[in-house]
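Asker: Below you'll find the structure I mean.
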Amino acid sequence: MSHSNISIFIPHAGCEHNCIFCNQHIISGAEKPPTAVEVKAEIKTAISKLKNPENTEIAFFGGSFTCLPDEYMTSLLAVAWEAVRLHNLAGIRISTRPDAITPDILDTLESFGVTAIELGAQSMSDEVLRLNRRGHTALDVVKAVALIKERFEFGLQMMTGMYGSNADTDMKTAKAIAKLAPDTVRIYPTVVIKGTELEKVWEQTTSLDEMVSIVAAMVSLFETENIRIIRVGLHASETLEADITGGYYHPAFGELVENEIFFRLITEKLTKKGAYIIYVHPKNISKAIGQKSKNITKLSLSGYDITVRPDETLTGRREIRAKHEHIKE
Ligand code: SF4
């Protein structure tokens, strides 16, 4: 089941690693890790605006939660756990590194009401992990998953287009992740942030369009395996945008992927050249048309004259009906 989140950002402080793409100060938009008192106030404000507390989790994101000093980590968990019990919230979600999971850590997390753990797997290629100085291996991911799986909802986060990877290694990572059968995945295309090690070595070899196409294939793979995709692309942020010097950032990356999936689905319906009316659920009209009518234009270049129309009887889950109008001369 999908929950909404009260997101609390905990920047780099807890992490002793230095992944070449990471500058947590910029990603989280906060310089200093918040105190438990500050987090408590943040949660209180967020709860006062909630419509569905029972469907809301408190989520700690931004750094490597279980790498935080014990006392600090448990002080954060204590205020979150108190709020969960007091306001009947759905639970607590944390994200961390695969090599920062032990049975003892899991016991602590469980005792403070943590319900979901997300691991930053990023890649399942040891060579890509090494080049990006992740400081863990693919096997660490597998081992951590084995420990977490039976006790918590678990999610895996992966990055595409990492330094040293390509479409093939990215797809192999997606398949390896699907094999671990997580409850959720997040897919983050690599972005190059000013001041990072990655900026010094980066050479852009794949276009944004190609990356959208690679991620669209992954989305289809995860959906086929019934794995819930909770995020595609980084959250749009002006702070972040100002510091991006390369990679695959688009403020609506997830929408571009969705448009690409519609393009593929429509293409599958086109049996012969000519004009077609494509019917979709009203909420999917813009996805079927694509940003700046990109899907229509691409299909027109291949000899298809496409009109997209709404049909309320179709489901919002990308159901499509195609009607062939006539054969073009
Ligand atoms: S493990 Fe996470 S927080 Fe630490 S350097 Fe790498 S990306 Fe940044």
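Naming works like this for the structure tokens: A, B, ... for the chains as they're shown, residue 1 at the start of each chain, ligands 1 onward in shown order.
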Which residues of chain A have any atom within 9 Å of an atom in ligand 1 when counting only C-alpha atoms and all ligand atoms, and what is the closest pair of atoms for each, with the distance in Å to one decimal? Order the rows by chain and rising number and write it as CSV.

Answerer:
residue,atom,partner,partner_atom_place_in_ligand_line,distance
A:Pro11,CA,ligand 1,3 (S),7.3
A:His12,CA,ligand 1,3 (S),4.9
A:Ala13,CA,ligand 1,3 (S),7.9
A:Gly14,CA,ligand 1,3 (S),7.5
A:Cys15,CA,ligand 1,4 (Fe),4.6
A:Glu16,CA,ligand 1,4 (Fe),6.4
A:His17,CA,ligand 1,5 (S),4.6
A:Asn18,CA,ligand 1,5 (S),4.0
A:Cys19,CA,ligand 1,6 (Fe),4.2
A:Ile20,CA,ligand 1,5 (S),7.5
A:Phe21,CA,ligand 1,7 (S),7.1
A:Cys22,CA,ligand 1,8 (Fe),4.6
A:Asn23,CA,ligand 1,8 (Fe),6.3
A:Gln24,CA,ligand 1,8 (Fe),5.7
A:Gly62,CA,ligand 1,3 (S),6.9
A:Gly63,CA,ligand 1,3 (S),4.2
A:Ser64,CA,ligand 1,3 (S),5.4
A:Phe65,CA,ligand 1,3 (S),8.8
A:Cys67,CA,ligand 1,4 (Fe),8.9
A:Thr96,CA,ligand 1,2 (Fe),7.3
A:Arg97,CA,ligand 1,1 (S),6.0
A:Gly120,CA,ligand 1,2 (Fe),7.3
A:Asn132,CA,ligand 1,6 (Fe),9.0
A:Arg133,CA,ligand 1,6 (Fe),8.0
A:Arg134,CA,ligand 1,6 (Fe),6.0
A:Gly135,CA,ligand 1,1 (S),8.0

Asker: Can you tell me, as a list in words, what residues are no more than 8 Å from Ile117 in chain A when counting only C-alpha atoms, ignoring any on the same chain fewer than 4 positions away?

Answerer: Arg93, Ile94, Ser95, Thr96, Ile148, Phe152, Glu153, Phe154 and Gly155 of chain A

Asker: Would you export the selected residues with C-alpha atoms as a PDB file, in the first residue's frame, please?

Answerer:
ATOM      1  CA  ARG A  93      10.589   4.857   6.916  1.00  0.00           C
ATOM      2  CA  ILE A  94      14.342   5.223   6.785  1.00  0.00           C
ATOM      3  CA  SER A  95      16.906   5.009   4.015  1.00  0.00           C
ATOM      4  CA  THR A  96      20.467   3.814   4.424  1.00  0.00           C
ATOM      5  CA  ILE A 148      15.597  -7.062   6.258  1.00  0.00           C
ATOM      6  CA  PHE A 152      10.291  -4.852   7.342  1.00  0.00           C
ATOM      7  CA  GLU A 153       8.797  -3.513   4.185  1.00  0.00           C
ATOM      8  CA  PHE A 154      11.888  -3.040   2.055  1.00  0.00           C
ATOM      9  CA  GLY A 155      12.781  -0.873  -0.872  1.00  0.00           C
TER      10      GLY A 155
END

Asker: Taking the chain letters and numbering used in this document, name the residues of range 104-156 of chain A that DSSP puts in strand (DSSP E or B), as a list in words.

Answerer: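 In range 104-156 of chain A, DSSP puts these residues in strand (DSSP E or B): Val114, Thr115, Ala116, Ile117, Glu118, Leu119, Gly120, Ala121, Gln122, Glu153, Phe154, Gly155 and Leu156 of chain A.
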
Asker: Given the selection you just returned, output its residues as a file containing N, CA and C atoms, formatted as an mmCIF file, in the first residue's frame.

Answerer:
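Saved as out07.cif:
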data_model
loop_
_atom_site.group_PDB
_atom_site.id
_atom_site.type_symbol
_atom_site.label_atom_id
_atom_site.label_comp_id
_atom_site.auth_asym_id
_atom_site.auth_seq_id
_atom_site.Cartn_x
_atom_site.Cartn_y
_atom_site.Cartn_z
ATOM 1 N N VAL A 114 10.143 1.436 13.410
ATOM 2 C CA VAL A 114 10.429 1.574 11.971
ATOM 3 C C VAL A 114 9.702 0.451 11.221
ATOM 4 N N THR A 115 9.039 0.822 10.144
ATOM 5 C CA THR A 115 8.258 -0.166 9.397
ATOM 6 C C THR A 115 8.846 -0.457 8.009
ATOM 7 N N ALA A 116 9.574 0.540 7.466
ATOM 8 C CA ALA A 116 10.086 0.349 6.102
ATOM 9 C C ALA A 116 11.531 0.820 6.010
ATOM 10 N N ILE A 117 12.341 0.026 5.315
ATOM 11 C CA ILE A 117 13.753 0.368 5.135
ATOM 12 C C ILE A 117 14.057 0.392 3.639
ATOM 13 N N GLU A 118 14.669 1.487 3.216
ATOM 14 C CA GLU A 118 15.116 1.563 1.825
ATOM 15 C C GLU A 118 16.629 1.551 1.783
ATOM 16 N N LEU A 119 17.172 0.747 0.888
ATOM 17 C CA LEU A 119 18.627 0.649 0.739
ATOM 18 C C LEU A 119 19.056 1.325 -0.552
ATOM 19 N N GLY A 120 20.083 2.138 -0.451
ATOM 20 C CA GLY A 120 20.666 2.725 -1.658
ATOM 21 C C GLY A 120 21.591 1.715 -2.302
ATOM 22 N N ALA A 121 21.028 0.865 -3.148
ATOM 23 C CA ALA A 121 21.850 -0.149 -3.833
ATOM 24 C C ALA A 121 22.655 0.538 -4.935
ATOM 25 N N GLN A 122 22.006 1.406 -5.646
ATOM 26 C CA GLN A 122 22.549 2.224 -6.756
ATOM 27 C C GLN A 122 22.945 1.394 -7.966
ATOM 28 N N GLU A 153 9.010 -3.797 5.600
ATOM 29 C CA GLU A 153 8.797 -3.513 4.185
ATOM 30 C C GLU A 153 10.158 -3.040 3.677
ATOM 31 N N PHE A 154 10.568 -3.500 2.494
ATOM 32 C CA PHE A 154 11.888 -3.040 2.055
ATOM 33 C C PHE A 154 11.873 -2.528 0.619
ATOM 34 N N GLY A 155 12.695 -1.490 0.446
ATOM 35 C CA GLY A 155 12.781 -0.873 -0.872
ATOM 36 C C GLY A 155 14.229 -0.794 -1.318
ATOM 37 N N LEU A 156 14.432 -0.767 -2.618
ATOM 38 C CA LEU A 156 15.776 -0.593 -3.156
ATOM 39 C C LEU A 156 15.793 0.643 -4.051
#

Asker: Can you check which parts of range 135-191 of chain A lie within 8 Å of range 229-251 of chain A? Per residue, the shortest pair of atoms and distance in Å to one decimal, counting only C-alpha atoms, sorted by chain and number, as a tab-separated table.

Answerer:
residue	atom	partner	partner_atom	distance
A:Gly161	CA	A:Gly247	CA	7.8
A:Thr184	CA	A:Ile229	CA	5.6
A:Val185	CA	A:Ile229	CA	4.9
A:Arg186	CA	A:Arg231	CA	4.7
A:Ile187	CA	A:Val232	CA	4.8
A:Tyr188	CA	A:Gly233	CA	4.7
A:Pro189	CA	A:Tyr248	CA	5.8
A:Thr190	CA	A:Gly247	CA	5.6
A:Val191	CA	A:Gly247	CA	4.3

Asker: Which residues of range 180-277 of chain A come within 12 Å of range 281-287 of chain A, and what is each one's closest atom pair and distance in Å (one decimal), counting only C-alpha atoms, sorted by chain and residue number, as CSV?

Answerer:
residue,atom,partner,partner_atom,distance
A:Gly254,CA,A:Lys287,CA,10.9
A:Glu255,CA,A:Lys287,CA,7.5
A:Leu256,CA,A:Lys287,CA,8.3
A:Val257,CA,A:Lys287,CA,9.4
A:Glu258,CA,A:Lys287,CA,6.5
A:Asn259,CA,A:Lys287,CA,4.7
A:Glu260,CA,A:Lys287,CA,8.3
A:Ile261,CA,A:Lys287,CA,8.7
A:Phe262,CA,A:Lys287,CA,6.5
A:Phe263,CA,A:Lys287,CA,8.6
A:Arg264,CA,A:Lys287,CA,11.6
A:Leu265,CA,A:Lys287,CA,11.3
A:Ile266,CA,A:Lys287,CA,11.0

Asker: Within 10 Å of Ala83 in chain A, counting only C-alpha atoms, which residues show up once you throw out same-chain ones fewer than 2 positions away? Write them as a PyMOL selection string, please.

Answerer: chain A and resi 40+43-44+47+58+77-81+85-89+91-92

Asker: Of the residues A:Met218, A:Thr102, A:Ile10, A:Asn5, which is the one nearest to Leu147 in chain A, using only C-alpha atoms?

Answerer: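 Closest to Leu147 in chain A, using only C-alpha atoms: A:Thr102.
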
Asker: Residues of range 97-167 of chain A in helix (DSSP H, G or I) according to DSSP, as a ChimeraX atom specification?

Answerer: /A:98-100,103-111,126-131,138-148,167

Asker: Looking at A:Val141, A:Met171, A:Met73, A:Val308, which one is nearest to Gly290 in chain A, with distances taken over only C-alpha atoms?

Answerer: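 The answer is A:Val308, which sits nearest to Gly290 in chain A.
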
Asker: When you look at Ala176 in chain A with a cut-off of 10 Å (counting only C-alpha atoms), what residues show up, excluding the ones that are within fewer than 3 positions of it in the same chain? I need them as a PDB file with N, CA and C atoms, in the first residue's frame.

Answerer:
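For reference, around.pdb as written:
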ATOM      1  N   SER A 123      23.855   0.427  -7.815  1.00  0.00           N
ATOM      2  CA  SER A 123      24.182  -0.432  -8.954  1.00  0.00           C
ATOM      3  C   SER A 123      24.426  -1.838  -8.415  1.00  0.00           C
ATOM      4  N   MET A 124      24.230  -2.841  -9.268  1.00  0.00           N
ATOM      5  CA  MET A 124      24.567  -4.214  -8.859  1.00  0.00           C
ATOM      6  C   MET A 124      25.811  -4.671  -9.624  1.00  0.00           C
ATOM      7  N   SER A 125      26.531  -3.702 -10.206  1.00  0.00           N
ATOM      8  CA  SER A 125      27.819  -4.019 -10.831  1.00  0.00           C
ATOM      9  C   SER A 125      28.920  -3.579  -9.877  1.00  0.00           C
ATOM     10  N   ALA A 138      27.878  -5.470  -4.543  1.00  0.00           N
ATOM     11  CA  ALA A 138      26.518  -5.963  -4.825  1.00  0.00           C
ATOM     12  C   ALA A 138      26.117  -7.024  -3.792  1.00  0.00           C
ATOM     13  N   VAL A 142      22.694  -7.880  -1.364  1.00  0.00           N
ATOM     14  CA  VAL A 142      22.005  -9.173  -1.235  1.00  0.00           C
ATOM     15  C   VAL A 142      21.927  -9.595   0.239  1.00  0.00           C
ATOM     16  N   ASP A 170      23.085  -0.972 -16.670  1.00  0.00           N
ATOM     17  CA  ASP A 170      21.912  -0.435 -15.965  1.00  0.00           C
ATOM     18  C   ASP A 170      20.763  -1.453 -15.967  1.00  0.00           C
ATOM     19  N   MET A 171      20.553  -2.061 -17.139  1.00  0.00           N
ATOM     20  CA  MET A 171      19.452  -3.023 -17.240  1.00  0.00           C
ATOM     21  C   MET A 171      19.752  -4.275 -16.405  1.00  0.00           C
ATOM     22  N   LYS A 172      21.032  -4.664 -16.386  1.00  0.00           N
ATOM     23  CA  LYS A 172      21.407  -5.829 -15.552  1.00  0.00           C
ATOM     24  C   LYS A 172      21.146  -5.505 -14.079  1.00  0.00           C
ATOM     25  N   THR A 173      21.444  -4.278 -13.675  1.00  0.00           N
ATOM     26  CA  THR A 173      21.166  -3.870 -12.296  1.00  0.00           C
ATOM     27  C   THR A 173      19.666  -3.944 -12.022  1.00  0.00           C
ATOM     28  N   LYS A 179      15.024  -9.289  -9.105  1.00  0.00           N
ATOM     29  CA  LYS A 179      15.181 -10.654  -8.584  1.00  0.00           C
ATOM     30  C   LYS A 179      15.147 -10.684  -7.046  1.00  0.00           C
ATOM     31  N   LEU A 180      15.564  -9.588  -6.435  1.00  0.00           N
ATOM     32  CA  LEU A 180      15.536  -9.527  -4.966  1.00  0.00           C
ATOM     33  C   LEU A 180      14.127  -9.247  -4.440  1.00  0.00           C
ATOM     34  N   ALA A 181      13.209  -9.000  -5.375  1.00  0.00           N
ATOM     35  CA  ALA A 181      11.774  -8.819  -5.061  1.00  0.00           C
ATOM     36  C   ALA A 181      11.505  -7.789  -3.953  1.00  0.00           C
TER      37      ALA A 181
END
